[in-house]
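Take a look at the structure below.
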Amino acid sequence: MMKVAFGSMAALAAMAVASPAMAADEHPTAQQVAESIAACQLITDTDWIHLDRLASLGYDQARRRAGGRRSGASVTGLYQKRGNPSSIITMRDQLKEKSCVVSASLPDTAAYGVLAQELSAIIGMPVGQEGYSYVWQLDDHRLVVQPEGEQDAPFARFTMTKTGEDNVPAAVEPAAE
């Protein structure tokens, strides 16, 4: 029933593996997702995404598997931490929007609500809901989660942005021409 277009982000996350210990069918716990959300919060500012901070938090650029080999080319904008199957995504769109995305694969579509509920026990209750999306205000950051993927390959997409003093995400300035 749930079928949401998710473009190249999910395809990139699916083909990348940071460590041999991470199996493609492994799904993160709420605690692991909260760990990645905390990392996103630490790197996300109103005018910059501090990618250089990810290494000190244990996140490395993901590597694409090539022909069954364990190592391959780095995947720009995709970061993973050994033992944590969630991914941090900071591709061109996220850098432009000054946002950080955590992607968490789910065993089935019903797991979305369960993950959101378990996460609420860790980071606090959401401050709002729009359809299937939940919104948290975490200090000076806004976190929005939404279901994505397809019924046979669902995932949760957590988008972190830093807010201004009024708790409204900073507006993206138009590009100079």
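Letters A, B, ... mark the chains of the structure tokens in the order given; residue numbers begin at 1 per chain; ligand numbers begin at 1, in order shown.
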
Using DSSP on the backbone coordinates, identify the residues of range 104-151 of chain A assigned to strand (DSSP E or B); present them as a ChimeraX atom specification. /A:104-105,128-130,133-138,141-150

Residue subset to file, keeping N, CA and C atoms, as a PDB file, in the first residue's frame:
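Okay, part-v1.pdb is ready:
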```pdb
ATOM      1  N   ALA A 104      16.885   4.774   7.696  1.00  0.00           N
ATOM      2  CA  ALA A 104      16.813   3.531   8.467  1.00  0.00           C
ATOM      3  C   ALA A 104      15.916   2.550   7.734  1.00  0.00           C
ATOM      4  N   SER A 105      16.492   1.434   7.283  1.00  0.00           N
ATOM      5  CA  SER A 105      15.681   0.425   6.611  1.00  0.00           C
ATOM      6  C   SER A 105      14.754  -0.228   7.633  1.00  0.00           C
ATOM      7  N   GLY A 128       4.556  17.619  16.575  1.00  0.00           N
ATOM      8  CA  GLY A 128       3.531  17.724  15.557  1.00  0.00           C
ATOM      9  C   GLY A 128       3.505  16.519  14.639  1.00  0.00           C
ATOM     10  N   GLN A 129       2.457  16.472  13.823  1.00  0.00           N
ATOM     11  CA  GLN A 129       2.298  15.396  12.857  1.00  0.00           C
ATOM     12  C   GLN A 129       1.586  15.945  11.638  1.00  0.00           C
ATOM     13  N   GLU A 130       2.060  15.536  10.464  1.00  0.00           N
ATOM     14  CA  GLU A 130       1.425  15.885   9.196  1.00  0.00           C
ATOM     15  C   GLU A 130       1.287  14.609   8.398  1.00  0.00           C
ATOM     16  N   SER A 133       3.982  11.836   8.623  1.00  0.00           N
ATOM     17  CA  SER A 133       5.226  12.443   9.094  1.00  0.00           C
ATOM     18  C   SER A 133       5.073  12.922  10.539  1.00  0.00           C
ATOM     19  N   TYR A 134       6.158  12.784  11.299  1.00  0.00           N
ATOM     20  CA  TYR A 134       6.205  13.285  12.675  1.00  0.00           C
ATOM     21  C   TYR A 134       7.301  14.336  12.750  1.00  0.00           C
ATOM     22  N   VAL A 135       7.101  15.346  13.607  1.00  0.00           N
ATOM     23  CA  VAL A 135       8.049  16.442  13.747  1.00  0.00           C
ATOM     24  C   VAL A 135       8.469  16.560  15.208  1.00  0.00           C
ATOM     25  N   TRP A 136       9.785  16.620  15.429  1.00  0.00           N
ATOM     26  CA  TRP A 136      10.349  16.848  16.751  1.00  0.00           C
ATOM     27  C   TRP A 136      11.088  18.177  16.734  1.00  0.00           C
ATOM     28  N   GLN A 137      11.089  18.877  17.860  1.00  0.00           N
ATOM     29  CA  GLN A 137      11.934  20.043  18.041  1.00  0.00           C
ATOM     30  C   GLN A 137      12.980  19.642  19.077  1.00  0.00           C
ATOM     31  N   LEU A 138      14.223  19.492  18.643  1.00  0.00           N
ATOM     32  CA  LEU A 138      15.324  19.066  19.501  1.00  0.00           C
ATOM     33  C   LEU A 138      16.242  20.253  19.724  1.00  0.00           C
ATOM     34  N   HIS A 141      17.120  22.428  16.727  1.00  0.00           N
ATOM     35  CA  HIS A 141      17.043  21.648  15.489  1.00  0.00           C
ATOM     36  C   HIS A 141      15.636  21.067  15.336  1.00  0.00           C
ATOM     37  N   ARG A 142      15.194  20.988  14.099  1.00  0.00           N
ATOM     38  CA  ARG A 142      13.917  20.356  13.784  1.00  0.00           C
ATOM     39  C   ARG A 142      14.203  19.032  13.087  1.00  0.00           C
ATOM     40  N   LEU A 143      13.492  17.997  13.518  1.00  0.00           N
ATOM     41  CA  LEU A 143      13.628  16.659  12.950  1.00  0.00           C
ATOM     42  C   LEU A 143      12.275  16.213  12.421  1.00  0.00           C
ATOM     43  N   VAL A 144      12.236  15.824  11.158  1.00  0.00           N
ATOM     44  CA  VAL A 144      11.012  15.338  10.535  1.00  0.00           C
ATOM     45  C   VAL A 144      11.277  13.928  10.046  1.00  0.00           C
ATOM     46  N   VAL A 145      10.388  12.999  10.392  1.00  0.00           N
ATOM     47  CA  VAL A 145      10.508  11.627   9.896  1.00  0.00           C
ATOM     48  C   VAL A 145       9.319  11.335   8.990  1.00  0.00           C
ATOM     49  N   GLN A 146       9.607  10.619   7.921  1.00  0.00           N
ATOM     50  CA  GLN A 146       8.549  10.213   7.005  1.00  0.00           C
ATOM     51  C   GLN A 146       8.865   8.843   6.446  1.00  0.00           C
ATOM     52  N   PRO A 147       7.813   8.069   6.155  1.00  0.00           N
ATOM     53  CA  PRO A 147       8.033   6.758   5.549  1.00  0.00           C
ATOM     54  C   PRO A 147       8.390   6.916   4.084  1.00  0.00           C
ATOM     55  N   GLU A 148       9.282   6.084   3.612  1.00  0.00           N
ATOM     56  CA  GLU A 148       9.686   6.128   2.213  1.00  0.00           C
ATOM     57  C   GLU A 148       9.868   4.699   1.713  1.00  0.00           C
ATOM     58  N   GLY A 149      10.224   4.578   0.464  1.00  0.00           N
ATOM     59  CA  GLY A 149      10.496   3.281  -0.125  1.00  0.00           C
ATOM     60  C   GLY A 149       9.259   2.649  -0.718  1.00  0.00           C
ATOM     61  N   GLU A 150       9.330   1.351  -0.849  1.00  0.00           N
ATOM     62  CA  GLU A 150       8.217   0.589  -1.384  1.00  0.00           C
ATOM     63  C   GLU A 150       7.824  -0.461  -0.367  1.00  0.00           C
TER      64      GLU A 150
END
```

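For Val33 in chain A, the residues within 8 Å (counting only C-alpha atoms, excluding itself and residues fewer than 3 positions away along the chain) are Pro28, Thr29, Ala30, Ser36, Ile37, Ser86, Val102, Ala104 and Leu119 of chain A.
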
Using only all heavy atoms, please write the residues we just selected to a file, as an mmCIF file, in the first residue's frame.
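File part_38.cif, as written:
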```cif
data_model
loop_
_atom_site.group_PDB
_atom_site.id
_atom_site.type_symbol
_atom_site.label_atom_id
_atom_site.label_comp_id
_atom_site.auth_asym_id
_atom_site.auth_seq_id
_atom_site.Cartn_x
_atom_site.Cartn_y
_atom_site.Cartn_z
ATOM 1 N N PRO A 28 18.207 -1.126 11.737
ATOM 2 C CA PRO A 28 18.674 -0.468 12.955
ATOM 3 C C PRO A 28 17.620 -0.459 14.057
ATOM 4 O O PRO A 28 16.423 -0.446 13.790
ATOM 5 C CB PRO A 28 18.987 0.951 12.486
ATOM 6 C CG PRO A 28 18.104 1.164 11.317
ATOM 7 C CD PRO A 28 17.973 -0.179 10.652
ATOM 8 N N THR A 29 18.090 -0.442 15.285
ATOM 9 C CA THR A 29 17.212 -0.273 16.439
ATOM 10 C C THR A 29 16.937 1.209 16.613
ATOM 11 O O THR A 29 17.616 2.059 16.021
ATOM 12 C CB THR A 29 17.887 -0.806 17.717
ATOM 13 O OG1 THR A 29 19.041 0.006 17.983
ATOM 14 C CG2 THR A 29 18.299 -2.272 17.576
ATOM 15 N N ALA A 30 15.976 1.536 17.458
ATOM 16 C CA ALA A 30 15.687 2.941 17.737
ATOM 17 C C ALA A 30 16.909 3.621 18.350
ATOM 18 O O ALA A 30 17.192 4.782 18.054
ATOM 19 C CB ALA A 30 14.478 3.058 18.663
ATOM 20 N N SER A 36 22.529 8.119 15.225
ATOM 21 C CA SER A 36 22.762 8.806 13.953
ATOM 22 C C SER A 36 22.091 10.173 13.922
ATOM 23 O O SER A 36 22.632 11.132 13.369
ATOM 24 C CB SER A 36 22.281 7.940 12.790
ATOM 25 O OG SER A 36 23.083 6.778 12.681
ATOM 26 N N ILE A 37 20.915 10.286 14.538
ATOM 27 C CA ILE A 37 20.236 11.573 14.624
ATOM 28 C C ILE A 37 21.092 12.548 15.437
ATOM 29 O O ILE A 37 21.242 13.713 15.057
ATOM 30 C CB ILE A 37 18.830 11.406 15.244
ATOM 31 C CG1 ILE A 37 17.907 10.714 14.232
ATOM 32 C CG2 ILE A 37 18.260 12.747 15.699
ATOM 33 C CD1 ILE A 37 16.572 10.282 14.807
ATOM 34 N N SER A 86 22.021 2.152 10.285
ATOM 35 C CA SER A 86 21.420 3.360 9.707
ATOM 36 C C SER A 86 22.504 4.122 8.941
ATOM 37 O O SER A 86 23.690 3.926 9.174
ATOM 38 C CB SER A 86 20.800 4.239 10.802
ATOM 39 O OG SER A 86 21.780 4.710 11.690
ATOM 40 N N VAL A 102 18.993 10.937 8.006
ATOM 41 C CA VAL A 102 19.290 9.595 8.505
ATOM 42 C C VAL A 102 18.298 8.662 7.827
ATOM 43 O O VAL A 102 17.092 8.904 7.839
ATOM 44 C CB VAL A 102 19.148 9.503 10.039
ATOM 45 C CG1 VAL A 102 19.280 8.061 10.507
ATOM 46 C CG2 VAL A 102 20.180 10.383 10.719
ATOM 47 N N ALA A 104 16.885 4.774 7.696
ATOM 48 C CA ALA A 104 16.813 3.531 8.467
ATOM 49 C C ALA A 104 15.916 2.550 7.734
ATOM 50 O O ALA A 104 14.717 2.802 7.566
ATOM 51 C CB ALA A 104 16.271 3.813 9.862
ATOM 52 N N LEU A 119 11.529 5.584 19.261
ATOM 53 C CA LEU A 119 12.416 6.741 19.197
ATOM 54 C C LEU A 119 11.916 7.848 20.125
ATOM 55 O O LEU A 119 12.709 8.532 20.771
ATOM 56 C CB LEU A 119 12.532 7.242 17.760
ATOM 57 C CG LEU A 119 13.607 8.266 17.493
ATOM 58 C CD1 LEU A 119 14.990 7.704 17.823
ATOM 59 C CD2 LEU A 119 13.570 8.701 16.047
#
```

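When only C-alpha atoms are used to compute distances to Tyr59 in chain A, the closest of the residues A:Met160, A:Ala153, A:Ala39, A:Val101 turns out to be A:Ala39.
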
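CA of Glu118 in chain A lies 29.6 Å from CA of Arg63 in chain A.
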
If you count only C-alpha atoms, the residue of A:His27, A:Arg82, A:Lys162, A:Arg157 closest to Glu97 in chain A turns out to be A:Lys162

Of the candidates A:Leu106, A:Leu78, A:Leu42, A:Ala156, which shows the shortest atom-to-atom distance to Asp139 in chain A, using only C-alpha atoms?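 The closest residue to Asp139 in chain A is A:Leu42.
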
Pick out the residues sitting within 9 Å of Ile89 in chain A, and hand them over as a list of chain:residue names; count only C-alpha atoms, and ignore anything fewer than 3 positions along from it in its own chain. A:Met9, A:Ala13, A:Gly77, A:Leu78, A:Tyr79, A:Gln80, A:Gln94, A:Cys100, A:Val101, A:Val102, A:Ser103

For the selection just defined, write its residues with C-alpha atoms to a file, as a tab-separated table (two decimals), in the first residue's frame.
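To be explicit, this is the file written out as again.tsv:
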```
chain	number	residue	atom	x	y	z
A	9	MET	CA	19.09	8.13	-2.21
A	13	ALA	CA	22.18	3.47	0.48
A	77	GLY	CA	27.56	11.90	0.69
A	78	LEU	CA	26.83	8.57	2.40
A	79	TYR	CA	28.24	7.82	5.85
A	80	GLN	CA	27.93	4.76	8.06
A	94	GLN	CA	21.06	18.09	1.62
A	100	CYS	CA	21.24	16.05	7.26
A	101	VAL	CA	19.28	12.86	6.58
A	102	VAL	CA	19.29	9.59	8.51
A	103	SER	CA	17.98	6.62	6.57
```

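Selecting helix (DSSP H, G or I) from the backbone DSSP output for range 82-128 of chain A yields Arg92, Asp93, Gln94, Leu95, Lys96, Glu97, Ala111, Tyr112, Gly113, Val114, Leu115, Ala116, Gln117, Glu118, Leu119, Ser120, Ala121, Ile122 and Ile123 of chain A.
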
Could you write out the selected residues, including N, CA, C and O atoms, as a compact mmCIF listing (two decimals), in the first residue's frame?
```txt
# COMPACT_ATOMS: atom_id res chain seq x y z
N ARG A 92 24.21 16.33 -2.45
CA ARG A 92 24.11 17.70 -2.97
C ARG A 92 22.83 18.40 -2.48
O ARG A 92 22.88 19.54 -2.02
N ASP A 93 21.68 17.73 -2.55
CA ASP A 93 20.42 18.35 -2.12
C ASP A 93 20.46 18.72 -0.63
O ASP A 93 20.00 19.78 -0.24
N GLN A 94 20.99 17.82 0.19
CA GLN A 94 21.06 18.09 1.62
C GLN A 94 22.03 19.24 1.91
O GLN A 94 21.75 20.09 2.75
N LEU A 95 23.16 19.27 1.22
CA LEU A 95 24.12 20.36 1.43
C LEU A 95 23.50 21.70 1.02
O LEU A 95 23.67 22.70 1.71
N LYS A 96 22.76 21.69 -0.07
CA LYS A 96 22.11 22.92 -0.54
C LYS A 96 21.05 23.38 0.46
O LYS A 96 20.94 24.56 0.75
N GLU A 97 20.30 22.43 1.02
CA GLU A 97 19.22 22.76 1.95
C GLU A 97 19.71 22.88 3.40
O GLU A 97 18.92 23.16 4.29
N ALA A 111 6.60 -1.47 10.75
CA ALA A 111 7.70 -1.13 11.66
C ALA A 111 7.92 0.38 11.74
O ALA A 111 8.56 0.85 12.68
N TYR A 112 7.38 1.16 10.79
CA TYR A 112 7.56 2.61 10.81
C TYR A 112 6.98 3.22 12.08
O TYR A 112 7.66 3.97 12.79
N GLY A 113 5.74 2.91 12.40
CA GLY A 113 5.09 3.44 13.59
C GLY A 113 5.78 2.97 14.87
O GLY A 113 5.93 3.74 15.82
N VAL A 114 6.21 1.72 14.87
CA VAL A 114 6.91 1.17 16.04
C VAL A 114 8.23 1.91 16.25
O VAL A 114 8.55 2.29 17.38
N LEU A 115 8.99 2.13 15.19
CA LEU A 115 10.26 2.85 15.30
C LEU A 115 10.03 4.28 15.80
O LEU A 115 10.75 4.74 16.70
N ALA A 116 9.03 4.97 15.27
CA ALA A 116 8.74 6.33 15.72
C ALA A 116 8.37 6.35 17.20
O ALA A 116 8.82 7.22 17.96
N GLN A 117 7.60 5.37 17.64
CA GLN A 117 7.20 5.29 19.05
C GLN A 117 8.41 5.00 19.94
O GLN A 117 8.59 5.64 20.98
N GLU A 118 9.25 4.04 19.55
CA GLU A 118 10.44 3.71 20.33
C GLU A 118 11.42 4.88 20.36
O GLU A 118 12.05 5.15 21.38
N LEU A 119 11.53 5.58 19.26
CA LEU A 119 12.42 6.74 19.20
C LEU A 119 11.92 7.85 20.12
O LEU A 119 12.71 8.53 20.77
N SER A 120 10.60 8.00 20.23
CA SER A 120 10.02 9.00 21.12
C SER A 120 10.40 8.75 22.57
O SER A 120 10.56 9.70 23.35
N ALA A 121 10.57 7.50 22.94
CA ALA A 121 10.98 7.18 24.31
C ALA A 121 12.43 7.61 24.56
O ALA A 121 12.82 7.82 25.70
N ILE A 122 13.21 7.78 23.50
CA ILE A 122 14.63 8.16 23.63
C ILE A 122 14.81 9.67 23.49
O ILE A 122 15.50 10.28 24.30
N ILE A 123 14.21 10.27 22.46
CA ILE A 123 14.46 11.70 22.18
C ILE A 123 13.31 12.61 22.61
O ILE A 123 13.42 13.82 22.48
```

Restricting the calculation to only C-alpha atoms, which member of A:Arg64, A:Gln31, A:Ala38, A:Met91 is positioned closest to Thr76 in chain A? A:Met91

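Among the candidates A:Lys81, A:Glu26, A:Val127, A:Lys98, the residue lying nearest to Leu54 in chain A is A:Lys81 (atoms considered: only C-alpha atoms).
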
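Using only C-alpha atoms, the smallest distance between any of A:Ser99, A:Pro154, A:Glu35, A:Pro85 and His50 in chain A comes from A:Ser99.
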